[in-house]
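Trainee: This is the structure I have questions about; it appears just below.
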Amino acid sequence: MIVVVGAGPAGIAAALRAQECGARVTVIDDNPNPGGQIWRGDDENSWVARFRSSGIPLLSSTRVVAVDVEARSLLVETDGVSGRLSWKKLVLATGSRELFLPFPGWTLPGVFGVGGLQALAKTGLPVAGKRIVLGGTGPLLLAVGAYLRQHGADVKLIAEQANIQSLAGFAPELLRHPRKVLQGASLQWAIAGTPYRTGCWIDSAEGVNKLERVTVRSGRDIWTEDCDYAGVAWGLTPNTELLESLGPEPEDVYVAGSGEVDLSFVEGEIAGLNAAGYPERTVLLAPKLEKARGFAAALATTFALRDELRHLAKPDTIVCRCEDVTYGELRKFTSFRAAKLQTRCGMGPCQGRICGPANEFLFGWETGTVRPPVFPAKIATLFSDAPLPADTTGQPDTKEITS
Amino acid sequence: MRVMVCEESGIIGGGATAAGMGHLAVMDDSEAQFALTSYSQMLWRELAAELPASAEYLTCGALWVAADEEELVEVHRKHRFYTARGVPVEVLDSRQLSAAEPHLRAGLAGGLRMPADSVCYPPCAAAWLLGGIPVAFGRRVVAASGSGVEFEDGTNLKAPVIVLATGAAIRRLVPSAPVAPRKGHLLITDRYPGFLNHQIIELGYLKSAHATESDSVAFNAQPRSTGQILIGSSRQFGAEDSGIDSRILARMLARAVEYMPELRDLSAIRAWTGFRAATPDKVPLIGRAPGMPGVWLATGHEGLGISTSLATARLLADEILGRDSAIPRSPYNPERTFVH
Ligand SMILES: Cc1cc2nc3c(=O)[nH]c(=O)nc-3n(C[C@H](O)[C@H](O)[C@H](O)COP(=O)(O)OP(=O)(O)OC[C@H]3O[C@@H](n4cnc5c(N)ncnc54)[C@H](O)[C@@H]3O)c2cc1C
Ligand SMILES: Cc1cc2nc3c(=O)[nH]c(=O)nc-3n(C[C@H](O)[C@H](O)[C@H](O)COP(=O)(O)OP(=O)(O)OC[C@H]3O[C@@H](n4cnc5c(N)ncnc54)[C@H](O)[C@@H]3O)c2cc1C
């Protein structure tokens, strides 16, 4: 049995490829629907549709919270039920999460990650007529800007921190990826009329109890924009917790998905073929992989974060939201562990998933050792030895999953 | 006296001190243990008002839980022991126990309440205790003698008095020290203010703590001032890897849920491990290092090194300065356990 964790592009690709080779596959994802961050709920997406009609069992709303390496089983939670799921081959396609960098006011209600803002808009947050400023870096700013405009938002500004020179360097890369150019063109149409400023970023967010305006900076210019919401995008951090909790060089474990969608997809295909025992078939995917890698690498250099962003936080700016630890308190320490032990930074329910990468960026600290549970988990789950009950999965053949 | 602390890591309180439960207990395994823990608890009480809020000092009291009649006999024995020595304690019957801790399972035999026991957050308490004393961070001591210490990089620091307080790592410096690392697991939950009132320890713990060979688990739970619940604990000899042993963790949690069924639905946010410095007679090594003039030891505190830290420091300082001590020092003299 191949178990794939994550039903984003990488997980879907892995599962479909493995099934193609005749392997038995089960996919787990902690969301109610397949598609991952980018295709979630998008039933028009042909891959999501193919996955749905493939008959591959999906344990949705199911989260892997720990791994029992010796027993080769995952400890999972679904809808309050705890259980174990055994694997022969494991594909980790757990994707990434949004990176948050602290700046004054970033914890005010009304400030979101752009991904989060889009997800909220999709699930009912009214955006029509709302004044919105987006800031940070990467194509995601444009994509979300376009989406919000289409839904009636007044997107007042898109502030891209990368400067025009590095964006210009990106153009040839776009030409090598025609599909992306098309995507880019339609995006441009959707956001026509929205100011897109390069070399520009949100310096601070202000408001009493909730966001009222942001202060924006571009070179020597500083001005404010009144707004109801702000969306920030600083890039993504891969979810490596499960992989790390498997220890060094785990056997029969395949990893796929590292951020950019095309690269994640092809990595998923390769992982699926390898897990199914057909490594020779991956050869055909080499050109696709190389192309996707080239594009991902170009993205990474184009949208590399500028140094100024390390200095946005003020002494009273909160860095760890779970435990209310400020930049000023953290600055006194020389390592993450020292800061953590003395200030509780990273000790809350998110276990540094949010502030860890921010601390790495701000101070150059190495953060975090992964310990089970990798996500907050019911205590009962951590000593559960029951196979996952089939009736919670809604899938007829899942009784076999522990075999 | 001029004092300097050498610490191989860059962190204060990053050893066992960052892993322990921080229960400031009085215990009665032996007269020596009782004398040291009760003296130390008094010293903690004296400091309490000065401790910073980050030390999270909280006099929540401890509750020893008896599951059956056999363990209830132990409750009464402890009651007599402590009462005879002037320590306030209270025997609870089954009903009173439920009232004191409503989330304990029904039908437990009874318990012993020790209202003066406290808890703290050891890393911040340690940093505060250190105050302005200079620390040489990142300096690993590889050899020690009465004339000073030698660091990993070959440099030396001269000093007439050397105290080795390296916890479970003592054998790297004093190979003949009878101290073995004893691994323990703990787990902390999200915040549930009011769920728990006391530091709770099952009396079956005695069976666990005294077993010297096999792996054991026992139910311990502690209310943190954050509203979190800290759950312990396990004891393993011969386990050197600091990773979580998922089987031991599972056994430990299953044991906790036996005592407090509603724990099963609480959200666990992190588990970790630490190493206690265990001695054969369960009494710490405080005093001159045998055969090493000028070198003193302060280690071997097993699961009580936070409780007994202040008393340990007093006894050592008294001995080094040639002063009398509040309690006899001889029971802790390392000489007793060294094999020559
Ligand atoms: C908010 C956001 C928006 C993005 N938008 C874009 C975009 O517009 N364009 C673009 O190219 N890229 C975008 N990305 C990047 C996106 O991650 C990748 O493009 C692509 O989705 C990666 O595919 P994946 O399958 O590796 O990961 P994901 O799509 O993230 O899928 C991983 C899945 O695994 C699940 N999962 C993770 N851990 C567990 C666990 N322990 N138990 C159970 N399930 C688990 C997750 O919930 C998720 O559904 C976005 C990323 C984020 C965070
Ligand atoms: C799971 C668990 C639960 C516990 N619960 C409790 C409890 O409830 N109550 C209680 O009182 N106690 C408890 N303890 C015990 C308590 O934590 C320890 O006894 C105490 O922390 C020991 O403190 P220490 O300073 O002696 O050692 P450590 O805290 O280990 O400090 C030793 C320091 O020396 C440094 N060091 C080591 N070797 C060298 C070298 N060669 N050169 C330089 N530096 C060196 C280390 O880096 C470390 O910082 C528990 C322990 C564990 C593991």
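By order of appearance in the structure tokens: chains A, B, ..., then residues from 1 within every chain, and ligands from 1 in the order shown.
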Would you return as a PyMOL selection string the members of stretch 60-175 of chain A that DSSP assigns to alpha helix (DSSP H) on this structure's backbone?

Mentor: chain A and resi 114-122+139-150+164-175

Trainee: Using only C-alpha atoms and all ligand atoms, what are the residues with an atom within 6 Å of ligand 1, set out as an NGL selection string?

Mentor: :A and (5-11 or 28-31 or 36-38 or 62-65 or 93-98 or 115-116 or 140 or 257-261 or 264)

Trainee: How would the residues just chosen look if you wrote them out with C-alpha atoms as a PDB file, in the first residue's frame?

Mentor:
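Result file is result.pdb:
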ATOM      1  CA  VAL A   5       0.125  12.587   2.400  1.00  0.00           C
ATOM      2  CA  GLY A   6      -1.218  15.724   0.760  1.00  0.00           C
ATOM      3  CA  ALA A   7      -3.749  16.086  -2.058  1.00  0.00           C
ATOM      4  CA  GLY A   8      -2.239  19.160  -3.690  1.00  0.00           C
ATOM      5  CA  PRO A   9      -0.735  19.076  -7.178  1.00  0.00           C
ATOM      6  CA  ALA A  10       2.201  16.950  -5.992  1.00  0.00           C
ATOM      7  CA  GLY A  11       0.061  14.441  -4.121  1.00  0.00           C
ATOM      8  CA  ILE A  28      -4.680  11.708   3.056  1.00  0.00           C
ATOM      9  CA  ASP A  29      -5.326  15.425   3.256  1.00  0.00           C
ATOM     10  CA  ASP A  30      -6.374  17.622   6.125  1.00  0.00           C
ATOM     11  CA  ASN A  31      -8.722  19.654   3.986  1.00  0.00           C
ATOM     12  CA  GLY A  36      -4.053  21.680  -2.168  1.00  0.00           C
ATOM     13  CA  GLN A  37      -3.438  25.392  -1.775  1.00  0.00           C
ATOM     14  CA  ILE A  38      -3.818  26.317  -5.386  1.00  0.00           C
ATOM     15  CA  THR A  62      -7.652  13.821   8.004  1.00  0.00           C
ATOM     16  CA  ARG A  63      -4.420  15.052   9.490  1.00  0.00           C
ATOM     17  CA  VAL A  64      -1.220  13.162  10.117  1.00  0.00           C
ATOM     18  CA  VAL A  65      -0.034  14.263  13.548  1.00  0.00           C
ATOM     19  CA  ALA A  93       3.535  15.848  -0.567  1.00  0.00           C
ATOM     20  CA  THR A  94       2.692  18.148   2.307  1.00  0.00           C
ATOM     21  CA  GLY A  95       3.295  21.385   0.427  1.00  0.00           C
ATOM     22  CA  SER A  96       4.163  24.663   1.995  1.00  0.00           C
ATOM     23  CA  ARG A  97       2.677  27.409   4.086  1.00  0.00           C
ATOM     24  CA  GLU A  98       2.808  31.162   3.858  1.00  0.00           C
ATOM     25  CA  GLY A 115      -3.327  33.143   0.442  1.00  0.00           C
ATOM     26  CA  GLY A 116      -5.384  33.377   3.594  1.00  0.00           C
ATOM     27  CA  LEU A 140       0.839  35.408  -6.042  1.00  0.00           C
ATOM     28  CA  GLY A 257       6.403  19.373  -3.918  1.00  0.00           C
ATOM     29  CA  SER A 258       8.532  22.339  -3.116  1.00  0.00           C
ATOM     30  CA  GLY A 259       6.443  25.368  -3.829  1.00  0.00           C
ATOM     31  CA  GLU A 260       5.905  26.286  -7.439  1.00  0.00           C
ATOM     32  CA  VAL A 261       2.989  24.387  -8.937  1.00  0.00           C
ATOM     33  CA  SER A 264       5.484  20.260  -7.454  1.00  0.00           C
TER      34      SER A 264
END

Trainee: For the contact check between chain B and chain A, emit one row per residue of chain B within 6 Å, containing the shortest atom pair and the distance in Å rounded to one decimal, counting only C-alpha atoms, chain then rising number order, as a Markdown table.

Mentor:
| residue | atom | partner | partner_atom | distance |
| --- | --- | --- | --- | --- |
| B:Ile11 | CA | A:Ala338 | CA | 5.2 |
| B:Cys124 | CA | A:Gln342 | CA | 5.7 |
| B:Ala250 | CA | A:Phe383 | CA | 4.1 |
| B:Arg264 | CA | A:Ala380 | CA | 4.6 |
| B:Asp265 | CA | A:Lys378 | CA | 5.3 |
| B:Leu266 | CA | A:Lys378 | CA | 5.5 |
| B:Ser267 | CA | A:Lys378 | CA | 4.6 |
| B:Ala268 | CA | A:Ala377 | CA | 5.2 |
| B:Ile269 | CA | A:Pro376 | CA | 4.6 |

Trainee: Restricting the calculation to only C-alpha atoms and all ligand atoms, which member of B:Val119, B:Ile229, B:Leu43, B:Ile306 is positioned closest to ligand 2?

Mentor: B:Ile306

Trainee: For B:Ala277, find every residue with an atom within 6 Å (counting only C-alpha atoms), except residues of its own chain fewer than 2 positions away, and show them as a list in words.

Mentor: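 My reading of the contact set: Gly167, Ala168, Val179, Ala180, Pro181, Gly300, His301 and Glu302 of chain B.
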
Trainee: So which residues are near ligand 2, meaning at most 6 Å away with only C-alpha atoms and all ligand atoms counted, given back as a VMD selection string?

Mentor: chain B and resid 6 to 9 13 to 17 19 to 24 139 to 142 165 to 167 169 184 to 186 274 to 276 299 301 to 307

Trainee: For those residues, write N, CA, C and O atoms to a file as a compact mmCIF listing (two decimals), in the first residue's frame.

Mentor:
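Here's the written file again.txt:
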# COMPACT_ATOMS: atom_id res chain seq x y z
N CYS B 6 31.34 28.35 33.41
CA CYS B 6 31.69 27.91 32.06
C CYS B 6 30.57 27.01 31.55
O CYS B 6 30.23 26.03 32.20
N GLU B 7 30.03 27.35 30.41
CA GLU B 7 28.87 26.62 29.89
C GLU B 7 29.13 26.27 28.43
O GLU B 7 29.34 27.14 27.60
N GLU B 8 29.09 24.98 28.13
CA GLU B 8 29.47 24.57 26.78
C GLU B 8 28.47 25.02 25.72
O GLU B 8 28.83 25.27 24.58
N SER B 9 27.21 25.14 26.10
CA SER B 9 26.23 25.62 25.12
C SER B 9 26.20 27.14 25.19
O SER B 9 26.90 27.75 25.98
N GLY B 13 20.51 27.27 31.47
CA GLY B 13 19.40 26.38 31.80
C GLY B 13 18.95 25.52 30.63
O GLY B 13 17.79 25.17 30.52
N GLY B 14 19.88 25.19 29.74
CA GLY B 14 19.50 24.44 28.55
C GLY B 14 19.70 22.93 28.67
O GLY B 14 19.38 22.19 27.76
N GLY B 15 20.23 22.47 29.79
CA GLY B 15 20.42 21.02 29.99
C GLY B 15 19.14 20.38 30.52
O GLY B 15 18.04 20.70 30.04
N ALA B 16 19.28 19.49 31.50
CA ALA B 16 18.10 18.86 32.09
C ALA B 16 17.14 19.92 32.62
O ALA B 16 15.93 19.71 32.67
N THR B 17 17.70 21.06 32.98
CA THR B 17 16.89 22.14 33.54
C THR B 17 15.82 22.62 32.56
O THR B 17 14.76 23.10 32.96
N ALA B 19 14.32 20.62 30.61
CA ALA B 19 13.45 19.49 30.33
C ALA B 19 12.57 19.12 31.51
O ALA B 19 11.51 18.54 31.35
N GLY B 20 13.03 19.47 32.71
CA GLY B 20 12.36 18.96 33.92
C GLY B 20 11.00 19.59 34.16
O GLY B 20 10.65 20.60 33.57
N MET B 21 10.27 18.97 35.07
CA MET B 21 8.92 19.44 35.37
C MET B 21 8.91 20.68 36.26
O MET B 21 7.93 21.42 36.29
N GLY B 22 9.94 20.85 37.04
CA GLY B 22 9.96 22.01 37.92
C GLY B 22 9.03 21.91 39.11
O GLY B 22 8.58 22.92 39.65
N HIS B 23 8.73 20.69 39.54
CA HIS B 23 7.97 20.51 40.78
C HIS B 23 8.94 20.69 41.94
O HIS B 23 9.95 19.98 42.02
N LEU B 24 8.66 21.66 42.81
CA LEU B 24 9.53 21.91 43.97
C LEU B 24 8.94 21.11 45.13
O LEU B 24 8.04 21.55 45.82
N ARG B 139 31.98 27.20 25.92
CA ARG B 139 33.28 26.68 26.33
C ARG B 139 33.11 25.34 27.04
O ARG B 139 32.64 25.27 28.17
N ARG B 140 33.50 24.31 26.33
CA ARG B 140 33.38 22.98 26.90
C ARG B 140 34.63 22.63 27.71
O ARG B 140 35.74 22.69 27.21
N VAL B 141 34.40 22.24 28.94
CA VAL B 141 35.49 21.82 29.81
C VAL B 141 35.81 20.36 29.50
O VAL B 141 34.91 19.53 29.46
N VAL B 142 37.09 20.08 29.25
CA VAL B 142 37.45 18.68 28.96
C VAL B 142 38.25 18.04 30.09
O VAL B 142 38.37 16.82 30.15
N ALA B 165 29.19 20.95 37.97
CA ALA B 165 27.73 20.84 38.06
C ALA B 165 27.22 20.58 36.65
O ALA B 165 26.40 21.32 36.12
N THR B 166 27.74 19.52 36.06
CA THR B 166 27.45 19.24 34.65
C THR B 166 26.32 18.23 34.48
O THR B 166 26.17 17.65 33.41
N GLY B 167 25.54 18.04 35.53
CA GLY B 167 24.37 17.17 35.41
C GLY B 167 24.73 15.75 35.03
O GLY B 167 25.70 15.17 35.51
N ALA B 169 26.05 14.66 32.52
CA ALA B 169 27.27 14.52 31.72
C ALA B 169 28.52 14.40 32.58
O ALA B 169 29.64 14.43 32.06
N GLY B 184 13.84 10.71 30.48
CA GLY B 184 12.43 10.93 30.80
C GLY B 184 11.71 11.66 29.68
O GLY B 184 12.32 12.45 28.97
N HIS B 185 10.44 11.36 29.50
CA HIS B 185 9.60 12.04 28.51
C HIS B 185 8.58 12.92 29.22
O HIS B 185 8.05 12.54 30.27
N LEU B 186 8.26 14.04 28.62
CA LEU B 186 7.17 14.90 29.10
C LEU B 186 6.37 15.38 27.89
O LEU B 186 6.87 15.39 26.77
N GLY B 274 14.43 14.45 28.47
CA GLY B 274 15.58 14.98 29.19
C GLY B 274 16.25 13.84 29.94
O GLY B 274 15.71 12.73 30.01
N PHE B 275 17.44 14.13 30.44
CA PHE B 275 18.19 13.09 31.15
C PHE B 275 18.42 13.50 32.60
O PHE B 275 19.00 14.54 32.88
N ARG B 276 17.96 12.63 33.50
CA ARG B 276 18.21 12.84 34.91
C ARG B 276 19.56 12.21 35.25
O ARG B 276 19.94 11.22 34.64
N THR B 299 26.04 17.19 41.58
CA THR B 299 25.30 16.48 40.52
C THR B 299 24.59 15.28 41.14
O THR B 299 24.59 15.11 42.35
N HIS B 301 21.30 14.57 40.98
CA HIS B 301 20.03 14.94 41.62
C HIS B 301 18.82 14.21 41.06
O HIS B 301 17.69 14.51 41.43
N GLU B 302 19.03 13.30 40.12
CA GLU B 302 17.95 12.52 39.49
C GLU B 302 16.77 13.44 39.16
O GLU B 302 16.95 14.43 38.49
N GLY B 303 15.59 13.11 39.68
CA GLY B 303 14.40 13.89 39.32
C GLY B 303 14.09 15.01 40.29
O GLY B 303 12.95 15.47 40.37
N LEU B 304 15.09 15.47 41.04
CA LEU B 304 14.82 16.48 42.07
C LEU B 304 15.80 17.64 42.05
O LEU B 304 15.92 18.37 43.03
N GLY B 305 16.47 17.82 40.93
CA GLY B 305 17.54 18.81 40.90
C GLY B 305 17.08 20.26 40.94
O GLY B 305 17.86 21.14 41.29
N ILE B 306 15.84 20.52 40.57
CA ILE B 306 15.33 21.88 40.68
C ILE B 306 14.93 22.10 42.14
O ILE B 306 15.32 23.09 42.76
N SER B 307 14.20 21.14 42.67
CA SER B 307 13.78 21.22 44.08
C SER B 307 14.98 21.50 44.98
O SER B 307 14.93 22.36 45.84

Trainee: Which residues, written as a VMD selection string, have at least one atom at most 9 Å from A:Val208, with only C-alpha atoms counted and residues fewer than 3 positions away on the same chain left out?

Mentor: chain A and resid 108 211 to 212

Trainee: Do you know which residues are at most 8 Å from A:Gly356 counting only C-alpha atoms, after dropping those on the same chain fewer than 2 positions away, and could you put them as an NGL selection string?

Mentor: :A and (346 or 352-354 or 358-360 or 367-368)

Trainee: Please produce an output containing N, CA, C and O atoms for each residue in the selection, written as a CSV table (one decimal), in the first residue's frame.

Mentor:
chain,number,residue,atom,x,y,z
A,346,GLY,N,7.8,30.7,20.2
A,346,GLY,CA,7.7,29.4,19.5
A,346,GLY,C,7.2,28.2,20.4
A,346,GLY,O,7.2,27.1,19.9
A,352,GLY,N,6.1,27.4,16.5
A,352,GLY,CA,7.1,28.1,15.7
A,352,GLY,C,6.9,27.9,14.2
A,352,GLY,O,7.7,28.2,13.4
A,353,ARG,N,5.7,27.3,13.8
A,353,ARG,CA,5.5,27.1,12.4
A,353,ARG,C,5.4,28.5,11.7
A,353,ARG,O,5.8,28.7,10.6
A,354,ILE,N,4.9,29.5,12.5
A,354,ILE,CA,4.8,30.9,11.9
A,354,ILE,C,6.1,31.7,12.3
A,354,ILE,O,6.7,32.2,11.4
A,358,ALA,N,10.2,33.3,10.4
A,358,ALA,CA,10.5,34.8,10.6
A,358,ALA,C,11.7,35.0,11.4
A,358,ALA,O,12.6,35.9,11.0
A,359,ASN,N,11.9,34.2,12.4
A,359,ASN,CA,13.2,34.3,13.2
A,359,ASN,C,14.4,34.0,12.4
A,359,ASN,O,15.5,34.6,12.5
A,360,GLU,N,14.3,33.0,11.5
A,360,GLU,CA,15.4,32.6,10.6
A,360,GLU,C,15.7,33.8,9.7
A,360,GLU,O,16.9,34.2,9.6
A,367,THR,N,16.1,27.4,13.5
A,367,THR,CA,15.0,27.2,14.5
A,367,THR,C,14.5,25.8,14.5
A,367,THR,O,14.6,25.1,13.4
A,368,GLY,N,14.0,25.4,15.6
A,368,GLY,CA,13.2,24.2,15.7
A,368,GLY,C,13.8,22.9,15.5
A,368,GLY,O,14.5,22.6,14.6

Trainee: So, with only C-alpha atoms as the atoms that count, which of A:His151, A:Ala146, A:Leu101, A:Val283 lies closest to A:Leu125?

Mentor: A:His151

Trainee: Which of stretch 33-243 of chain B counts as strand (DSSP E) under DSSP, as a ChimeraX atom specification please?

Mentor: /B:62-66,90-93,110-114,118-119,135-137,141-145,148-151,156-158,162-164,180-191,199-202,216-223,228-237

Trainee: Which residues come within 7 Å of B:Gly146, counting only C-alpha atoms, excluding same-chain residues fewer than 4 positions away, as a list in words?

Mentor: Pro160, Val161, Ile162, Met292, Pro293, Gly294 and Val295 of chain B

Trainee: Excluding B:Met1 and its own-chain neighbours fewer than 4 positions away, which residues fall within 12 Å of it when counting only C-alpha atoms? Please give them as a ChimeraX atom specification.

Mentor: /B:133,159-161,317,320-321

Trainee: Store the residues picked out above, limited to all heavy atoms, as a compact mmCIF listing (two decimals), in the first residue's frame.

Mentor:
# COMPACT_ATOMS: atom_id res chain seq x y z
N ILE B 133 26.47 37.16 37.32
CA ILE B 133 27.71 36.37 37.32
C ILE B 133 28.16 36.12 35.88
O ILE B 133 27.35 35.71 35.04
CB ILE B 133 27.50 35.04 38.07
CG1 ILE B 133 27.25 35.35 39.55
CG2 ILE B 133 28.69 34.10 37.89
CD1 ILE B 133 26.84 34.15 40.36
N ALA B 159 41.84 28.49 38.57
CA ALA B 159 40.98 28.86 39.70
C ALA B 159 41.25 27.88 40.83
O ALA B 159 41.48 26.69 40.57
CB ALA B 159 39.52 28.81 39.30
N PRO B 160 41.27 28.36 42.07
CA PRO B 160 41.57 27.47 43.19
C PRO B 160 40.41 26.54 43.54
O PRO B 160 40.60 25.52 44.19
CB PRO B 160 41.87 28.43 44.34
CG PRO B 160 41.16 29.70 43.98
CD PRO B 160 41.11 29.77 42.49
N VAL B 161 39.21 26.91 43.13
CA VAL B 161 38.05 26.08 43.45
C VAL B 161 37.29 25.81 42.16
O VAL B 161 36.95 26.73 41.43
CB VAL B 161 37.11 26.81 44.44
CG1 VAL B 161 35.84 25.98 44.65
CG2 VAL B 161 37.80 27.06 45.77
N ALA B 317 28.60 25.93 49.22
CA ALA B 317 29.23 27.19 49.60
C ALA B 317 29.72 27.09 51.05
O ALA B 317 30.84 27.51 51.37
CB ALA B 317 28.25 28.35 49.44
N ILE B 320 32.89 24.95 51.11
CA ILE B 320 34.04 25.63 50.52
C ILE B 320 34.55 26.75 51.43
O ILE B 320 35.75 26.95 51.58
CB ILE B 320 33.67 26.17 49.11
CG1 ILE B 320 33.45 24.99 48.16
CG2 ILE B 320 34.76 27.10 48.57
CD1 ILE B 320 32.76 25.35 46.85
N LEU B 321 33.62 27.44 52.07
CA LEU B 321 34.01 28.57 52.93
C LEU B 321 34.27 28.15 54.37
O LEU B 321 34.55 28.99 55.23
CB LEU B 321 32.91 29.64 52.90
CG LEU B 321 32.64 30.26 51.53
CD1 LEU B 321 31.44 31.19 51.58
CD2 LEU B 321 33.87 31.00 51.02
